[in-house]
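File shown: my_file-v2.pdb (PDB, C-alpha atoms).
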ATOM      1  CA  MET A  72     -10.934  -5.381  13.935  1.00  0.00           C
ATOM      2  CA  THR A  73     -10.888  -1.798  15.118  1.00  0.00           C
ATOM      3  CA  ILE A  74     -13.126   0.425  17.222  1.00  0.00           C
ATOM      4  CA  THR A  75     -13.344   3.854  15.624  1.00  0.00           C
ATOM      5  CA  GLU A  76     -13.318   6.739  18.073  1.00  0.00           C
ATOM      6  CA  GLU A  77     -16.162   8.724  16.569  1.00  0.00           C
ATOM      7  CA  THR A  78     -18.766   5.951  16.776  1.00  0.00           C
ATOM      8  CA  GLY A  79     -17.353   3.239  19.026  1.00  0.00           C
ATOM      9  CA  ARG A  80     -18.305   0.739  16.323  1.00  0.00           C
ATOM     10  CA  VAL A  81     -16.056  -2.173  15.472  1.00  0.00           C
ATOM     11  CA  HIS A  82     -15.126  -2.301  11.772  1.00  0.00           C
ATOM     12  CA  GLY A  83     -13.824  -5.481  10.179  1.00  0.00           C
ATOM     13  CA  TYR A  84     -13.084  -6.732   6.686  1.00  0.00           C
ATOM     14  CA  ASP A  85     -16.760  -7.408   5.944  1.00  0.00           C
ATOM     15  CA  ASP A  86     -17.511  -3.727   6.531  1.00  0.00           C
ATOM     16  CA  LEU A  87     -15.126  -2.522   3.823  1.00  0.00           C
ATOM     17  CA  PRO A  88     -17.549  -2.740   0.858  1.00  0.00           C
ATOM     18  CA  GLY A  89     -20.052  -0.663   2.827  1.00  0.00           C
ATOM     19  CA  LEU A  90     -17.394   1.893   3.725  1.00  0.00           C
ATOM     20  CA  MET A  91     -16.336   2.101   0.088  1.00  0.00           C
ATOM     21  CA  GLY A  92     -19.987   2.497  -0.878  1.00  0.00           C
ATOM     22  CA  LEU A  93     -20.128   5.748   1.097  1.00  0.00           C
ATOM     23  CA  MET A  94     -17.761   7.293  -1.436  1.00  0.00           C
ATOM     24  CA  THR A  95     -19.625   8.473  -4.504  1.00  0.00           C
ATOM     25  CA  GLY A  96     -19.021  10.882  -7.378  1.00  0.00           C
ATOM     26  CA  ASP A  97     -17.020  10.814 -10.589  1.00  0.00           C
ATOM     27  CA  GLU A  98     -13.473   9.602 -11.218  1.00  0.00           C
ATOM     28  CA  LYS A  99     -13.621   6.879  -8.589  1.00  0.00           C
ATOM     29  CA  HIS A 100     -11.326   4.493 -10.504  1.00  0.00           C
ATOM     30  CA  GLY A 101     -13.301   1.621  -9.014  1.00  0.00           C
ATOM     31  CA  PRO A 102     -11.278  -1.271 -10.516  1.00  0.00           C
ATOM     32  CA  ALA A 103      -7.992   0.306  -9.379  1.00  0.00           C
ATOM     33  CA  ALA A 104      -9.389   0.613  -5.865  1.00  0.00           C
ATOM     34  CA  THR A 105     -10.997  -2.800  -5.492  1.00  0.00           C
ATOM     35  CA  SER A 106      -7.902  -4.564  -6.839  1.00  0.00           C
ATOM     36  CA  THR A 107      -5.973  -3.399  -3.765  1.00  0.00           C
ATOM     37  CA  LEU A 108      -8.599  -4.078  -1.091  1.00  0.00           C
ATOM     38  CA  ASP A 109      -7.364  -7.419   0.253  1.00  0.00           C
ATOM     39  CA  VAL A 110      -3.696  -6.456   0.170  1.00  0.00           C
ATOM     40  CA  LEU A 111      -4.418  -3.276   2.117  1.00  0.00           C
ATOM     41  CA  TRP A 112      -6.546  -5.060   4.695  1.00  0.00           C
ATOM     42  CA  VAL A 113      -4.003  -7.790   5.435  1.00  0.00           C
ATOM     43  CA  LEU A 114      -1.218  -5.223   5.721  1.00  0.00           C
ATOM     44  CA  TYR A 115      -3.074  -2.907   8.085  1.00  0.00           C
ATOM     45  CA  ASP A 116      -4.799  -5.658  10.046  1.00  0.00           C
ATOM     46  CA  ARG A 117      -1.902  -8.068  10.548  1.00  0.00           C
ATOM     47  CA  VAL A 118       1.451  -6.739   9.353  1.00  0.00           C
ATOM     48  CA  LEU A 119       2.090  -3.005   9.636  1.00  0.00           C
ATOM     49  CA  LYS A 120       3.370  -1.634  12.935  1.00  0.00           C
ATOM     50  CA  VAL A 121       1.621   1.729  12.843  1.00  0.00           C
ATOM     51  CA  ARG A 122      -0.998   3.193  15.177  1.00  0.00           C
ATOM     52  CA  PRO A 123      -3.562   5.941  14.507  1.00  0.00           C
ATOM     53  CA  GLU A 124      -2.844   7.566  17.874  1.00  0.00           C
ATOM     54  CA  GLN A 125       0.858   7.898  16.947  1.00  0.00           C
ATOM     55  CA  PRO A 126       1.015   8.272  13.153  1.00  0.00           C
ATOM     56  CA  ASP A 127       4.390  10.061  13.330  1.00  0.00           C
ATOM     57  CA  ASP A 128       6.173   7.638  15.663  1.00  0.00           C
ATOM     58  CA  PRO A 129       9.801   7.386  14.401  1.00  0.00           C
ATOM     59  CA  GLU A 130       9.668   3.618  14.997  1.00  0.00           C
ATOM     60  CA  ARG A 131       6.534   3.109  12.880  1.00  0.00           C
ATOM     61  CA  ASP A 132       6.453   1.132   9.662  1.00  0.00           C
ATOM     62  CA  ARG A 133       6.108   3.341   6.599  1.00  0.00           C
ATOM     63  CA  PHE A 134       3.396   2.459   4.082  1.00  0.00           C
ATOM     64  CA  LEU A 135       3.509   4.277   0.736  1.00  0.00           C
ATOM     65  CA  LEU A 136       0.528   3.970  -1.609  1.00  0.00           C
ATOM     66  CA  SER A 137       2.098   4.479  -5.012  1.00  0.00           C
ATOM     67  CA  LYS A 138      -1.092   3.266  -6.740  1.00  0.00           C
ATOM     68  CA  GLY A 139      -2.777   6.436  -5.530  1.00  0.00           C
ATOM     69  CA  HIS A 140      -5.145   7.102  -8.439  1.00  0.00           C
ATOM     70  CA  GLY A 141      -7.729   4.721  -6.971  1.00  0.00           C
ATOM     71  CA  PRO A 142      -7.660   5.440  -3.230  1.00  0.00           C
ATOM     72  CA  MET A 143     -11.164   4.394  -2.143  1.00  0.00           C
ATOM     73  CA  ALA A 144     -10.016   1.071  -0.665  1.00  0.00           C
ATOM     74  CA  TYR A 145      -7.154   2.860   1.083  1.00  0.00           C
ATOM     75  CA  TYR A 146      -9.499   5.413   2.636  1.00  0.00           C
ATOM     76  CA  ALA A 147     -11.928   2.664   3.663  1.00  0.00           C
ATOM     77  CA  VAL A 148      -9.164   0.744   5.439  1.00  0.00           C
ATOM     78  CA  LEU A 149      -7.840   3.899   7.100  1.00  0.00           C
ATOM     79  CA  ALA A 150     -11.364   4.628   8.351  1.00  0.00           C
ATOM     80  CA  ALA A 151     -11.847   1.056   9.569  1.00  0.00           C
ATOM     81  CA  LYS A 152      -8.572   1.277  11.480  1.00  0.00           C
ATOM     82  CA  GLY A 153      -9.320   4.656  13.051  1.00  0.00           C
ATOM     83  CA  PHE A 154      -6.895   6.879  11.136  1.00  0.00           C
ATOM     84  CA  VAL A 155      -9.684   8.993   9.615  1.00  0.00           C
ATOM     85  CA  PRO A 156     -13.324   9.452  10.689  1.00  0.00           C
ATOM     86  CA  VAL A 157     -15.919   7.413   8.836  1.00  0.00           C
ATOM     87  CA  ASP A 158     -17.973  10.566   8.352  1.00  0.00           C
ATOM     88  CA  TRP A 159     -15.269  11.902   6.043  1.00  0.00           C
ATOM     89  CA  LEU A 160     -15.989   9.186   3.480  1.00  0.00           C
ATOM     90  CA  PRO A 161     -19.216  10.573   1.912  1.00  0.00           C
ATOM     91  CA  GLY A 162     -17.358  13.780   1.025  1.00  0.00           C
ATOM     92  CA  PHE A 163     -14.751  11.896  -1.016  1.00  0.00           C
ATOM     93  CA  GLY A 164     -13.488  13.988  -3.917  1.00  0.00           C
ATOM     94  CA  THR A 165     -15.442  17.142  -3.085  1.00  0.00           C
ATOM     95  CA  TYR A 166     -13.656  20.490  -3.100  1.00  0.00           C
ATOM     96  CA  ASP A 167     -13.528  20.874   0.681  1.00  0.00           C
ATOM     97  CA  SER A 168     -12.807  17.234   1.583  1.00  0.00           C
ATOM     98  CA  PRO A 169      -9.382  16.078   2.804  1.00  0.00           C
ATOM     99  CA  LEU A 170     -10.019  12.846   0.889  1.00  0.00           C
ATOM    100  CA  GLY A 171      -9.069  13.759  -2.646  1.00  0.00           C
ATOM    101  CA  HIS A 172      -8.959  11.626  -5.759  1.00  0.00           C
ATOM    102  CA  HIS A 173      -5.245  11.271  -4.978  1.00  0.00           C
ATOM    103  CA  PRO A 174      -4.153  11.038  -1.317  1.00  0.00           C
ATOM    104  CA  ASP A 175      -2.507  14.136   0.138  1.00  0.00           C
ATOM    105  CA  ARG A 176      -0.069  13.446   2.975  1.00  0.00           C
ATOM    106  CA  THR A 177      -0.717  16.887   4.489  1.00  0.00           C
ATOM    107  CA  LEU A 178      -4.456  16.220   4.774  1.00  0.00           C
ATOM    108  CA  VAL A 179      -4.877  12.476   5.353  1.00  0.00           C
ATOM    109  CA  PRO A 180      -3.665  11.131   8.734  1.00  0.00           C
ATOM    110  CA  GLY A 181      -1.424   8.135   8.202  1.00  0.00           C
ATOM    111  CA  ALA A 182      -0.604   8.900   4.548  1.00  0.00           C
ATOM    112  CA  GLU A 183       3.163   9.011   4.078  1.00  0.00           C
ATOM    113  CA  ILE A 184       3.239  10.515   0.569  1.00  0.00           C
ATOM    114  CA  GLY A 185       1.064  12.431  -1.848  1.00  0.00           C
ATOM    115  CA  SER A 186       0.552   9.987  -4.711  1.00  0.00           C
ATOM    116  CA  GLY A 187      -1.266   9.320  -7.942  1.00  0.00           C
ATOM    117  CA  SER A 188       1.348  10.049 -10.600  1.00  0.00           C
ATOM    118  CA  LEU A 189       2.472   6.582 -11.626  1.00  0.00           C
ATOM    119  CA  GLY A 190       6.010   5.445 -11.002  1.00  0.00           C
ATOM    120  CA  HIS A 191       7.048   7.561  -8.027  1.00  0.00           C
ATOM    121  CA  GLY A 192       6.243   5.386  -5.003  1.00  0.00           C
ATOM    122  CA  LEU A 193       8.983   2.784  -5.325  1.00  0.00           C
ATOM    123  CA  PRO A 194      11.811   5.315  -5.834  1.00  0.00           C
ATOM    124  CA  ILE A 195      10.529   7.258  -2.801  1.00  0.00           C
ATOM    125  CA  ALA A 196      10.405   4.012  -0.814  1.00  0.00           C
ATOM    126  CA  VAL A 197      14.030   3.297  -1.737  1.00  0.00           C
ATOM    127  CA  GLY A 198      14.984   6.753  -0.454  1.00  0.00           C
ATOM    128  CA  THR A 199      12.942   6.197   2.714  1.00  0.00           C
ATOM    129  CA  ALA A 200      14.721   2.904   3.417  1.00  0.00           C
ATOM    130  CA  LEU A 201      18.084   4.566   2.855  1.00  0.00           C
ATOM    131  CA  GLY A 202      17.071   7.375   5.221  1.00  0.00           C
ATOM    132  CA  LEU A 203      16.118   4.918   7.953  1.00  0.00           C
ATOM    133  CA  ARG A 204      19.436   3.137   7.508  1.00  0.00           C
ATOM    134  CA  ALA A 205      21.339   6.417   7.743  1.00  0.00           C
ATOM    135  CA  GLN A 206      19.531   7.262  10.992  1.00  0.00           C
ATOM    136  CA  GLY A 207      20.273   3.867  12.486  1.00  0.00           C
ATOM    137  CA  LEU A 208      16.560   2.999  12.670  1.00  0.00           C
ATOM    138  CA  LYS A 209      16.619  -0.734  12.053  1.00  0.00           C
ATOM    139  CA  ARG A 210      13.167  -1.832  13.251  1.00  0.00           C
ATOM    140  CA  PRO A 211      10.811   0.124  10.951  1.00  0.00           C
ATOM    141  CA  ARG A 212       9.875  -1.490   7.663  1.00  0.00           C
ATOM    142  CA  VAL A 213       9.051   0.335   4.447  1.00  0.00           C
ATOM    143  CA  TRP A 214       6.136  -0.962   2.384  1.00  0.00           C
ATOM    144  CA  VAL A 215       5.079   0.366  -1.005  1.00  0.00           C
ATOM    145  CA  LEU A 216       2.048  -0.757  -3.023  1.00  0.00           C
ATOM    146  CA  THR A 217       2.295  -0.402  -6.791  1.00  0.00           C
ATOM    147  CA  GLY A 218       0.286  -1.597  -9.755  1.00  0.00           C
ATOM    148  CA  ASP A 219       1.676  -3.755 -12.544  1.00  0.00           C
ATOM    149  CA  ALA A 220       1.182  -0.916 -15.061  1.00  0.00           C
ATOM    150  CA  GLU A 221       3.424   1.331 -12.969  1.00  0.00           C
ATOM    151  CA  LEU A 222       6.340  -0.943 -13.720  1.00  0.00           C
ATOM    152  CA  ASP A 223       6.250   0.428 -17.279  1.00  0.00           C
ATOM    153  CA  GLU A 224       7.816   3.602 -15.831  1.00  0.00           C
ATOM    154  CA  GLY A 225      11.594   3.811 -16.080  1.00  0.00           C
ATOM    155  CA  SER A 226      11.968   5.267 -12.591  1.00  0.00           C
ATOM    156  CA  ASN A 227      10.827   1.943 -11.158  1.00  0.00           C
ATOM    157  CA  HIS A 228      13.420  -0.004 -13.125  1.00  0.00           C
ATOM    158  CA  GLU A 229      16.163   2.189 -11.675  1.00  0.00           C
ATOM    159  CA  ALA A 230      14.788   1.703  -8.161  1.00  0.00           C
ATOM    160  CA  ILE A 231      14.597  -2.071  -8.596  1.00  0.00           C
ATOM    161  CA  ALA A 232      18.137  -2.221  -9.985  1.00  0.00           C
ATOM    162  CA  PHE A 233      19.529  -0.166  -7.095  1.00  0.00           C
ATOM    163  CA  ALA A 234      17.686  -1.698  -4.123  1.00  0.00           C
ATOM    164  CA  GLY A 235      18.877  -5.286  -4.625  1.00  0.00           C
ATOM    165  CA  PRO A 236      22.630  -4.651  -4.681  1.00  0.00           C
ATOM    166  CA  ALA A 237      22.173  -2.079  -1.887  1.00  0.00           C
ATOM    167  CA  GLY A 238      20.763  -4.829   0.316  1.00  0.00           C
ATOM    168  CA  LEU A 239      17.735  -2.792   1.438  1.00  0.00           C
ATOM    169  CA  GLU A 240      16.279  -5.452   3.709  1.00  0.00           C
ATOM    170  CA  GLN A 241      13.795  -2.982   5.224  1.00  0.00           C
ATOM    171  CA  LEU A 242      12.157  -2.429   1.813  1.00  0.00           C
ATOM    172  CA  HIS A 243       9.029  -4.353   0.818  1.00  0.00           C
ATOM    173  CA  THR A 244       7.071  -3.907  -2.404  1.00  0.00           C
ATOM    174  CA  VAL A 245       3.632  -5.266  -3.218  1.00  0.00           C
ATOM    175  CA  VAL A 246       2.732  -5.309  -6.908  1.00  0.00           C
ATOM    176  CA  VAL A 247      -1.002  -5.712  -7.484  1.00  0.00           C
ATOM    177  CA  ASP A 248      -1.180  -7.448 -10.847  1.00  0.00           C
ATOM    178  CA  ASN A 249      -4.513  -6.936 -12.600  1.00  0.00           C
ATOM    179  CA  ALA A 250      -3.041  -7.467 -16.073  1.00  0.00           C
ATOM    180  CA  SER A 251      -3.139  -3.783 -16.999  1.00  0.00           C
ATOM    181  CA  ALA A 252       0.513  -3.299 -17.959  1.00  0.00           C
ATOM    182  CA  SER A 253       1.221  -2.324 -21.550  1.00  0.00           C
ATOM    183  CA  HIS A 254       4.544  -4.146 -21.817  1.00  0.00           C
ATOM    184  CA  ALA A 255       5.007  -7.805 -20.911  1.00  0.00           C
ATOM    185  CA  ARG A 256       8.092  -8.923 -19.001  1.00  0.00           C
ATOM    186  CA  PRO A 257       9.985 -12.090 -19.921  1.00  0.00           C
ATOM    187  CA  GLY A 258       9.422 -14.583 -17.138  1.00  0.00           C
ATOM    188  CA  GLY A 259       6.780 -12.450 -15.426  1.00  0.00           C
ATOM    189  CA  ILE A 260       6.892  -9.608 -12.924  1.00  0.00           C
ATOM    190  CA  ALA A 261       8.710 -11.450 -10.141  1.00  0.00           C
ATOM    191  CA  ALA A 262      11.565 -12.359 -12.487  1.00  0.00           C
ATOM    192  CA  ARG A 263      12.340  -8.672 -13.053  1.00  0.00           C
ATOM    193  CA  PHE A 264      12.949  -8.237  -9.335  1.00  0.00           C
ATOM    194  CA  GLU A 265      14.685 -11.574  -8.816  1.00  0.00           C
ATOM    195  CA  VAL A 266      17.362 -10.862 -11.408  1.00  0.00           C
ATOM    196  CA  ALA A 267      18.152  -7.646  -9.504  1.00  0.00           C
ATOM    197  CA  GLY A 268      18.749  -9.547  -6.268  1.00  0.00           C
ATOM    198  CA  TRP A 269      15.342  -9.263  -4.592  1.00  0.00           C
ATOM    199  CA  SER A 270      13.515 -11.928  -2.603  1.00  0.00           C
ATOM    200  CA  THR A 271      10.238 -12.693  -4.415  1.00  0.00           C
ATOM    201  CA  ALA A 272       6.848 -14.319  -3.914  1.00  0.00           C
ATOM    202  CA  SER A 273       3.777 -14.557  -6.163  1.00  0.00           C
ATOM    203  CA  VAL A 274       0.368 -15.264  -4.619  1.00  0.00           C
ATOM    204  CA  ASP A 275      -3.377 -14.986  -5.095  1.00  0.00           C
ATOM    205  CA  GLY A 276      -4.142 -11.371  -4.206  1.00  0.00           C
ATOM    206  CA  ARG A 277      -7.516 -12.325  -2.678  1.00  0.00           C
ATOM    207  CA  ASP A 278      -6.189 -15.089  -0.390  1.00  0.00           C
ATOM    208  CA  HIS A 279      -5.535 -13.488   2.999  1.00  0.00           C
ATOM    209  CA  GLU A 280      -3.509 -16.358   4.426  1.00  0.00           C
ATOM    210  CA  ALA A 281      -1.327 -16.589   1.329  1.00  0.00           C
ATOM    211  CA  LEU A 282      -0.788 -12.833   1.412  1.00  0.00           C
ATOM    212  CA  TYR A 283       0.144 -12.895   5.099  1.00  0.00           C
ATOM    213  CA  ALA A 284       2.615 -15.741   4.590  1.00  0.00           C
ATOM    214  CA  ALA A 285       4.241 -13.917   1.675  1.00  0.00           C
ATOM    215  CA  PHE A 286       4.356 -10.610   3.552  1.00  0.00           C
ATOM    216  CA  THR A 287       6.063 -12.156   6.568  1.00  0.00           C
ATOM    217  CA  ALA A 288       8.506 -14.463   4.763  1.00  0.00           C
ATOM    218  CA  PRO A 289      12.118 -13.928   5.905  1.00  0.00           C
ATOM    219  CA  HIS A 290      14.491 -12.323   3.392  1.00  0.00           C
ATOM    220  CA  PRO A 291      17.759 -11.530   5.180  1.00  0.00           C
ATOM    221  CA  GLY A 292      19.941  -9.002   3.403  1.00  0.00           C
ATOM    222  CA  ARG A 293      17.560  -8.469   0.502  1.00  0.00           C
ATOM    223  CA  PRO A 294      14.527  -6.356  -0.342  1.00  0.00           C
ATOM    224  CA  HIS A 295      11.322  -8.331  -0.798  1.00  0.00           C
ATOM    225  CA  VAL A 296       8.556  -8.146  -3.409  1.00  0.00           C
ATOM    226  CA  VAL A 297       5.159  -9.823  -3.350  1.00  0.00           C
ATOM    227  CA  VAL A 298       3.248 -10.036  -6.631  1.00  0.00           C
ATOM    228  CA  ALA A 299      -0.453 -10.222  -5.750  1.00  0.00           C
ATOM    229  CA  ARG A 300      -2.470 -11.515  -8.697  1.00  0.00           C
ATOM    230  CA  VAL A 301      -6.094 -10.380  -8.952  1.00  0.00           C
ATOM    231  CA  GLU A 302      -8.774 -10.537 -11.619  1.00  0.00           C
ATOM    232  CA  PRO A 303      -7.876  -8.695 -14.871  1.00  0.00           C
ATOM    233  CA  LYS A 304      -8.945  -5.068 -15.075  1.00  0.00           C
ATOM    234  CA  ASN A 305     -10.334  -5.599 -18.580  1.00  0.00           C
ATOM    235  CA  PRO A 306     -11.303  -9.289 -18.865  1.00  0.00           C
TER     236      PRO A 306
END

Take the structure in the file and give it back as structure tokens.
Amino acid sequence: MTITEETGRVHGYDDLPGLMGLMTGDEKHGPAATSTLDVLWVLYDRVLKVRPEQPDDPERDRFLLSKGHGPMAYYAVLAAKGFVPVDWLPGFGTYDSPLGHHPDRTLVPGAEIGSGSLGHGLPIAVGTALGLRAQGLKRPRVWVLTGDAELDEGSNHEAIAFAGPAGLEQLHTVVVDNASASHARPGGIAARFEVAGWSTASVDGRDHEALYAAFTAPHPGRPHVVVARVEPKNP
């Protein structure tokens, strides 16, 4: 739970639907947003080492929202955790709002990348992990949230193939699987990562304890992926 500076009110998980409800207008990509809600909450509430008062701390964990075309849940969690004011939420998507339909890292406190074009987050996360290694920063972790449909993009396959042999232990990927990918993968999503040398876990994407256990599982010398299964986008 977090006390936001502008109101002094404590915001918890049960407040997230109400915070998301403040965001109206067209092009909300509601299913894309709600599919990520529980993953985002568990990460920001229990896993990520990042603070709103020091969003640029060199020792912070880096969270990259690759699935940026449905950012309402992301904005709601950032508001609940004090990164952005709650009173920004009703302006979502308007011409003068910092909260666009795709997050902009120059406008949204705590956002590491501008995202929305599918397939870019994981390659950027690989580069971020390499950059941390080159700087000798061993404590920060890199987390990237993608959707299962993004894995249709070839750039992700290259990133997956590189990160395993490179031993990018600081790299963590969460794939929110809402059965929206166009191309099936033999053996499932986790198998694609496992064959490239990643540590893998597949869990119920609505089960907070299962998510936390998967997020914090040890994986020495290897990058780690968690496949979070949620309800299908088009049942």

Compute the distance from (9.3, -11.8, -8.9) to each atom, counting all atoms listed in the file, keep the residues with any atom at most 10 Å away, and return them as a list in words; use the coordinates of the file.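 In the file's frame, the residues around the point are Val246, Gly258, Gly259, Ile260, Ala261, Ala262, Arg263, Phe264, Glu265, Val266, Ala267, Trp269, Ser270, Thr271, Ala272, Ser273, His295, Val296, Val297 and Val298 of chain A.
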
List the spatial neighbours of stretch 204-211 of chain A as a list in words - criterion: any atom at most 12 Å away, only C-alpha atoms, same-chain residues fewer than 4 positions off excluded.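 Using only C-alpha atoms, the neighbours found are Val118, Leu119, Lys120, Val121, Asp128, Pro129, Glu130, Arg131, Asp132, Arg133, Phe134, Val197, Gly198, Thr199, Ala200, Ala237, Gly238, Leu239, Glu240, Gln241, Leu242 and His243 of chain A.
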
Taking only C-alpha atoms into account, which of A:Lys138, A:Tyr115, A:Ala147, A:Ser188 comes nearest A:Gly89?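 So, comparing all the options, the nearest one is A:Ala147.
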
Residues within 12 Å of A:Thr95, please, as a list in words. Count only C-alpha atoms; anything in the same chain fewer than 2 positions from it doesn't count. Gly89, Leu90, Met91, Gly92, Leu93, Asp97, Glu98, Lys99, His100, Gly101, Met143, Trp159, Leu160, Pro161, Gly162, Phe163, Gly164, Thr165, Leu170, Gly171 and His172 of chain A

With all atoms listed in the file as the counted atoms, please give the residues lying no more than 12 Å from A:Glu229, apart from itself and same-chain residues fewer than 2 positions off, as a ChimeraX atom specification. /A:190-191,193-195,197,222-227,231-236,263-264,267

Considering all atoms listed in the file, return as a list in words whatever protein or nucleic-acid residues lie within 9 Å of A:Leu135, sequence-local ones (same chain, fewer than 5 positions apart) excluded.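 Contacts, with the query itself left out: Ala182, Glu183, Ile184, Gly185, Ser186, Gly192, Leu193, Ile195, Ala196, Val213, Trp214, Val215, Leu216 and Thr217 of chain A.
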
Expected file contents, prior selection, C-alpha atoms, as a PDB file, in the frame of the given file:
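That gives us result01.pdb:
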ATOM      1  CA  ALA A 182      -0.604   8.900   4.548  1.00  0.00           C
ATOM      2  CA  GLU A 183       3.163   9.011   4.078  1.00  0.00           C
ATOM      3  CA  ILE A 184       3.239  10.515   0.569  1.00  0.00           C
ATOM      4  CA  GLY A 185       1.064  12.431  -1.848  1.00  0.00           C
ATOM      5  CA  SER A 186       0.552   9.987  -4.711  1.00  0.00           C
ATOM      6  CA  GLY A 192       6.243   5.386  -5.003  1.00  0.00           C
ATOM      7  CA  LEU A 193       8.983   2.784  -5.325  1.00  0.00           C
ATOM      8  CA  ILE A 195      10.529   7.258  -2.801  1.00  0.00           C
ATOM      9  CA  ALA A 196      10.405   4.012  -0.814  1.00  0.00           C
ATOM     10  CA  VAL A 213       9.051   0.335   4.447  1.00  0.00           C
ATOM     11  CA  TRP A 214       6.136  -0.962   2.384  1.00  0.00           C
ATOM     12  CA  VAL A 215       5.079   0.366  -1.005  1.00  0.00           C
ATOM     13  CA  LEU A 216       2.048  -0.757  -3.023  1.00  0.00           C
ATOM     14  CA  THR A 217       2.295  -0.402  -6.791  1.00  0.00           C
TER      15      THR A 217
END

For A:Pro102, which of A:Asp175, A:Glu280, A:Ser251, A:Pro169 is the closest residue, counting all atoms listed in the file?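 Going through A:Asp175, A:Glu280, A:Ser251, A:Pro169 one by one, the smallest distance to A:Pro102 is for A:Ser251.
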
Counting all atoms listed in the file, which residues come within 7 Å of (-10.3, -0.9, 10.6), with the point read in the file's coordinates, and could you list them as a PDB file with C-alpha atoms, keeping the file's coordinate frame?
ATOM      1  CA  MET A  72     -10.934  -5.381  13.935  1.00  0.00           C
ATOM      2  CA  THR A  73     -10.888  -1.798  15.118  1.00  0.00           C
ATOM      3  CA  HIS A  82     -15.126  -2.301  11.772  1.00  0.00           C
ATOM      4  CA  GLY A  83     -13.824  -5.481  10.179  1.00  0.00           C
ATOM      5  CA  VAL A 148      -9.164   0.744   5.439  1.00  0.00           C
ATOM      6  CA  LEU A 149      -7.840   3.899   7.100  1.00  0.00           C
ATOM      7  CA  ALA A 150     -11.364   4.628   8.351  1.00  0.00           C
ATOM      8  CA  ALA A 151     -11.847   1.056   9.569  1.00  0.00           C
ATOM      9  CA  LYS A 152      -8.572   1.277  11.480  1.00  0.00           C
ATOM     10  CA  GLY A 153      -9.320   4.656  13.051  1.00  0.00           C
TER      11      GLY A 153
END

Point-to-point distance from atom CA of A:Leu87 to atom CA of A:Thr287, Å rounded to tenths: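 Rounded to one decimal, the two atoms are 23.4 Å apart.
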
From the set A:Thr107, A:Ser168, A:Leu203, A:Arg122, which residue has the shortest atom-to-atom contact distance to A:Arg277, counting only C-alpha atoms?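 Between A:Thr107, A:Ser168, A:Leu203, A:Arg122, the residue approaching A:Arg277 most closely is A:Thr107.
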
Would you mind telling me which residue in A:Ala230, A:Ala252, A:Val247, A:Ala299 lies nearest to A:Asp275 when using only C-alpha atoms?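 Checking each of A:Ala230, A:Ala252, A:Val247, A:Ala299 against A:Asp275, counting only C-alpha atoms, the winner is A:Ala299.
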
Since the input lacks atoms, please generate N, CA, C and O atoms for stretch 257-266 of chain A and provide them as a PDB file, in the coordinates of the input.
ATOM      1  N   PRO A 257       9.581 -10.683 -19.792  1.00  0.00           N
ATOM      2  CA  PRO A 257       9.985 -12.090 -19.921  1.00  0.00           C
ATOM      3  C   PRO A 257      10.093 -12.756 -18.557  1.00  0.00           C
ATOM      4  O   PRO A 257      10.743 -12.241 -17.657  1.00  0.00           O
ATOM      5  N   GLY A 258       9.382 -13.865 -18.397  1.00  0.00           N
ATOM      6  CA  GLY A 258       9.422 -14.583 -17.138  1.00  0.00           C
ATOM      7  C   GLY A 258       8.446 -14.085 -16.097  1.00  0.00           C
ATOM      8  O   GLY A 258       8.316 -14.682 -15.030  1.00  0.00           O
ATOM      9  N   GLY A 259       7.751 -12.988 -16.373  1.00  0.00           N
ATOM     10  CA  GLY A 259       6.780 -12.450 -15.426  1.00  0.00           C
ATOM     11  C   GLY A 259       7.368 -11.357 -14.550  1.00  0.00           C
ATOM     12  O   GLY A 259       8.564 -11.060 -14.573  1.00  0.00           O
ATOM     13  N   ILE A 260       6.496 -10.756 -13.737  1.00  0.00           N
ATOM     14  CA  ILE A 260       6.892  -9.608 -12.924  1.00  0.00           C
ATOM     15  C   ILE A 260       7.965  -9.973 -11.905  1.00  0.00           C
ATOM     16  O   ILE A 260       8.964  -9.265 -11.739  1.00  0.00           O
ATOM     17  N   ALA A 261       7.769 -11.086 -11.200  1.00  0.00           N
ATOM     18  CA  ALA A 261       8.710 -11.450 -10.141  1.00  0.00           C
ATOM     19  C   ALA A 261      10.121 -11.624 -10.682  1.00  0.00           C
ATOM     20  O   ALA A 261      11.110 -11.288 -10.004  1.00  0.00           O
ATOM     21  N   ALA A 262      10.241 -12.117 -11.914  1.00  0.00           N
ATOM     22  CA  ALA A 262      11.565 -12.359 -12.487  1.00  0.00           C
ATOM     23  C   ALA A 262      12.355 -11.065 -12.636  1.00  0.00           C
ATOM     24  O   ALA A 262      13.582 -11.070 -12.506  1.00  0.00           O
ATOM     25  N   ARG A 263      11.646  -9.964 -12.908  1.00  0.00           N
ATOM     26  CA  ARG A 263      12.340  -8.672 -13.053  1.00  0.00           C
ATOM     27  C   ARG A 263      13.013  -8.286 -11.746  1.00  0.00           C
ATOM     28  O   ARG A 263      14.134  -7.740 -11.735  1.00  0.00           O
ATOM     29  N   PHE A 264      12.365  -8.545 -10.629  1.00  0.00           N
ATOM     30  CA  PHE A 264      12.949  -8.237  -9.335  1.00  0.00           C
ATOM     31  C   PHE A 264      14.022  -9.251  -8.954  1.00  0.00           C
ATOM     32  O   PHE A 264      15.070  -8.890  -8.408  1.00  0.00           O
ATOM     33  N   GLU A 265      13.763 -10.519  -9.229  1.00  0.00           N
ATOM     34  CA  GLU A 265      14.685 -11.574  -8.816  1.00  0.00           C
ATOM     35  C   GLU A 265      16.058 -11.399  -9.452  1.00  0.00           C
ATOM     36  O   GLU A 265      17.092 -11.587  -8.796  1.00  0.00           O
ATOM     37  N   VAL A 266      16.083 -11.020 -10.718  1.00  0.00           N
ATOM     38  CA  VAL A 266      17.362 -10.862 -11.408  1.00  0.00           C
ATOM     39  C   VAL A 266      18.166  -9.703 -10.833  1.00  0.00           C
ATOM     40  O   VAL A 266      19.396  -9.673 -10.968  1.00  0.00           O
TER      41      VAL A 266
END
